[in-house]
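J.: File follows, input.cif with mmCIF, C-alpha atoms:
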data_work
loop_
_atom_site.label_atom_id
_atom_site.label_comp_id
_atom_site.auth_asym_id
_atom_site.auth_seq_id
_atom_site.Cartn_x
_atom_site.Cartn_y
_atom_site.Cartn_z
CA MET A 17 112.37 112.82 80.70
CA ASN A 18 109.04 111.13 80.98
CA GLU A 19 107.06 113.46 83.27
CA GLU A 20 104.82 110.61 84.55
CA LYS A 21 107.90 108.79 85.86
CA LEU A 22 108.88 111.93 87.75
CA LYS A 23 105.41 112.69 89.10
CA TYR A 24 106.58 112.66 92.72
CA VAL A 25 110.32 113.37 92.47
CA ASN A 26 113.15 115.58 91.23
CA ILE A 27 116.76 114.56 90.65
CA LYS A 28 119.37 116.92 92.11
CA LYS A 29 122.68 117.02 93.96
CA SER A 30 122.72 115.06 97.22
CA LYS A 31 124.74 115.84 100.36
CA ILE A 32 125.25 112.10 100.79
CA HIS A 33 126.51 110.96 97.39
CA ASN A 34 126.40 112.46 93.88
CA ASN A 35 122.81 112.86 92.71
CA GLY A 36 119.78 112.06 94.84
CA VAL A 37 116.03 111.80 94.45
CA PHE A 38 113.90 114.39 96.26
CA ALA A 39 110.16 114.69 96.88
CA LYS A 40 108.46 117.25 94.58
CA SER A 41 105.56 117.46 97.00
CA ASP A 42 104.41 115.73 100.18
CA ILE A 43 104.20 111.95 99.65
CA LYS A 44 101.91 109.81 101.79
CA LYS A 45 103.05 106.58 103.44
CA ASP A 46 102.57 103.48 101.21
CA THR A 47 102.67 105.50 97.95
CA LYS A 48 104.27 103.75 94.97
CA ILE A 49 106.69 106.56 94.17
CA ILE A 50 108.82 105.42 91.25
CA GLU A 51 109.62 102.20 89.42
CA TYR A 52 113.20 100.92 89.22
CA VAL A 53 113.52 100.15 85.51
CA GLY A 54 116.19 98.91 83.15
CA GLU A 55 117.30 96.00 81.04
CA LYS A 56 116.26 92.52 82.20
CA ILE A 57 119.33 90.27 82.23
CA SER A 58 120.36 86.82 83.45
CA LYS A 59 122.29 86.29 86.70
CA ASP A 60 125.41 85.36 84.67
CA GLU A 61 125.18 88.56 82.63
CA ALA A 62 124.64 90.55 85.82
CA GLU A 63 127.81 89.08 87.30
CA ASN A 64 129.71 89.92 84.10
CA ARG A 65 128.49 93.52 84.21
CA VAL A 66 129.36 93.95 87.87
CA THR A 67 132.87 92.64 87.25
CA GLN A 68 133.27 94.86 84.18
CA THR A 69 132.08 97.94 86.09
CA ILE A 70 134.45 97.27 88.98
CA ASN A 71 137.37 96.64 86.60
CA ASN A 72 136.64 99.91 84.75
CA ALA A 73 135.96 101.95 87.91
CA ASN A 74 138.75 104.42 87.10
CA GLU A 75 137.17 105.20 83.72
CA GLN A 76 133.59 105.46 85.04
CA ASN A 77 132.01 106.33 88.37
CA GLY A 78 132.14 102.68 89.47
CA ALA A 79 128.45 102.63 90.38
CA VAL A 80 126.63 99.34 89.91
CA TYR A 81 122.90 99.53 89.27
CA ILE A 82 122.07 95.80 89.19
CA PHE A 83 118.89 94.98 91.12
CA GLU A 84 117.60 91.45 91.79
CA LEU A 85 114.17 90.89 90.28
CA ASP A 86 113.82 87.13 90.92
CA LYS A 87 115.89 83.92 91.09
CA GLU A 88 116.68 83.97 87.36
CA THR A 89 116.57 87.64 86.41
CA ASP A 90 118.13 90.93 87.44
CA ILE A 91 117.49 94.46 86.24
CA ASP A 92 120.45 96.52 85.02
CA GLY A 93 119.27 99.99 85.92
CA ASN A 94 122.25 101.72 84.31
CA VAL A 95 120.06 103.30 81.63
CA PRO A 96 119.26 107.00 81.12
CA TYR A 97 115.53 106.53 81.71
CA ASN A 98 115.96 104.97 85.19
CA HIS A 99 115.67 107.88 87.60
CA ALA A 100 115.25 105.55 90.60
CA LYS A 101 118.94 104.59 90.31
CA TYR A 102 119.77 107.91 91.99
CA ILE A 103 118.05 107.00 95.27
CA ASN A 104 120.74 106.78 97.92
CA HIS A 105 121.11 104.26 100.73
CA SER A 106 120.36 105.12 104.35
CA CYS A 107 120.44 103.18 107.59
CA ASN A 108 117.29 105.16 108.45
CA PRO A 109 115.28 104.86 105.21
CA ASN A 110 112.02 106.57 104.38
CA CYS A 111 111.31 104.14 101.51
CA GLU A 112 111.57 100.45 100.74
CA THR A 113 111.63 98.38 97.58
CA GLU A 114 108.89 95.98 96.69
CA ILE A 115 108.43 93.67 93.72
CA ILE A 116 104.86 94.00 92.47
CA ASP A 117 103.72 92.14 89.33
CA ASN A 118 107.32 91.58 88.22
CA GLU A 119 108.18 95.28 88.62
CA ILE A 120 110.46 96.86 91.23
CA TRP A 121 108.78 99.77 93.02
CA ILE A 122 110.07 102.28 95.52
CA ILE A 123 107.38 102.65 98.22
CA ALA A 124 107.13 105.30 100.95
CA LEU A 125 107.64 103.75 104.41
CA LYS A 126 106.31 106.88 106.07
CA ASN A 127 104.97 110.29 105.12
CA ILE A 128 107.67 112.21 103.24
CA LYS A 129 107.72 116.01 103.15
CA LYS A 130 108.30 118.10 100.02
CA GLY A 131 112.04 118.61 99.48
CA GLU A 132 113.07 115.56 101.53
CA GLU A 133 115.58 113.18 99.94
CA LEU A 134 114.36 109.62 99.38
CA PHE A 135 116.37 106.71 100.79
CA TYR A 136 116.08 102.96 101.09
CA ASN A 137 118.35 100.34 102.64
CA TYR A 138 120.20 98.69 99.75
CA GLY A 139 120.15 95.43 101.70
CA TYR A 140 123.68 94.30 100.87
CA ASP A 141 125.03 91.07 102.31
CA ILE A 142 127.63 91.32 105.06
CA GLU A 143 130.24 89.31 103.12
CA ASP A 144 131.95 92.31 101.46
CA TYR A 145 130.80 95.00 103.89
CA GLU A 146 134.20 96.79 103.89
CA ASP A 147 133.75 97.54 100.17
CA HIS A 148 130.57 99.51 100.93
CA PRO A 149 131.09 102.26 103.53
CA CYS A 150 127.93 104.17 104.41
CA LYS A 151 127.79 107.97 104.26
CA CYS A 152 124.17 108.42 105.34
CA GLY A 153 125.00 110.17 108.61
CA SER A 154 121.80 109.01 110.34
CA ASP A 155 121.82 108.62 114.11
CA ASN A 156 121.66 104.84 113.80
CA CYS A 157 124.21 104.52 110.96
CA VAL A 158 126.23 101.32 111.26
CA GLY A 159 129.03 102.62 109.01
CA TYR A 160 128.47 100.20 106.15
CA ILE A 161 125.75 99.54 103.58
CA VAL A 162 124.37 96.22 104.81
CA ASP A 163 120.90 94.84 105.32
CA GLU A 164 119.47 95.53 108.77
CA ASP A 165 119.30 91.74 109.34
CA HIS A 166 123.13 91.80 109.53
CA TRP A 167 123.58 94.78 111.86
CA THR A 168 124.07 92.74 115.04
CA GLU A 169 126.70 90.58 113.36
CA LEU A 170 128.40 93.64 111.82
CA LYS A 171 128.57 95.40 115.18
CA ARG A 172 130.11 92.26 116.71
CA ILE A 173 132.74 92.12 113.91
CA LEU A 174 133.57 95.82 114.26
CA LYS A 175 133.85 95.57 118.05
CA LYS A 176 136.24 92.62 117.68
CA LYS A 177 138.41 94.63 115.24
CA THR A 178 138.71 97.64 117.56
CA GLY A 179 139.40 95.47 120.58
#
Here is a file; write its structure as structure tokens.
T.:
Amino acid sequence: MNEEKLKYVNIKKSKIHNNGVFAKSDIKKDTKIIEYVGEKISKDEAENRVTQTINNANEQNGAVYIFELDKETDIDGNVPYNHAKYINHSCNPNCETEIIDNEIWIIALKNIKKGEELFYNYGYDIEDYEDHPCKCGSDNCVGYIVDEDHWTELKRILKKKTG
């Protein structure tokens, strides 16, 4: 493992889902914590890899690590040197993602204490929300991994379903 990449974090078992990323020491708000790295691929190739991963979900863990870089390019983070792929989703995140100089960075949204797990909102679209249940357990959890922009609509849909 490249120690510089893990300057601020450790990878260990998460209570939320599989492995997680945890603060090695206190991290100040606005710190660039870790870069989300991987293979740069086209949108078509990204779609192929997502489909292949879903189709082979029984053979693998089914996790998709495709991250949108720009309109033409995605990053396939399913590589051994991408430690940021282990950051879990939360409806109450302490980090966010930001594209800086064509690189994807995980940035602290607030001060993070040593030992705290890092989270960001994965920002999924509402279209296939049922395929992405949320396990974050935060007080404001909406039950599904969707971008906060869709929470009002999601709550309306869920209320309609329960009557």
J.: With distances taken over all atoms listed in the file, which of A:Asn26, A:Ser41, A:Asn34, A:Ser154 is nearest to A:Cys107?
T.: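 Looking only at the distances to A:Cys107, the closest residue turns out to be A:Ser154.
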J.: Would you write out, as a ChimeraX atom specification, every residue that the PyMOL selection byres ((chain A and resi 163-168) around 9) captures in this file?
T.: /A:107,137-142,158,161-162,169-173
J.: Can you give me, as a list of chain:residue names, the residues this file yields under the PyMOL selection byres ((chain A and resi 103) around 9)?
T.: A:Ile27, A:Asn35, A:Gly36, A:Val37, A:Phe38, A:His99, A:Ala100, A:Lys101, A:Tyr102, A:Asn104, A:His105, A:Glu133, A:Leu134, A:Phe135, A:Tyr136
J.: What would the selection look like, as a PyMOL selection string, if the PyMOL selection byres ((chain A and resi 150) around 7) were run on the coordinates I just shared?
T.: chain A and resi 148-149+151-152+159-161
J.: So, with all atoms listed in the file as the atoms that count, which of A:Asn108, A:Glu61, A:Ile91, A:Ser30 lies closest to A:Asp155?
T.: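 Result for the nearest residue to A:Asp155: A:Asn108.
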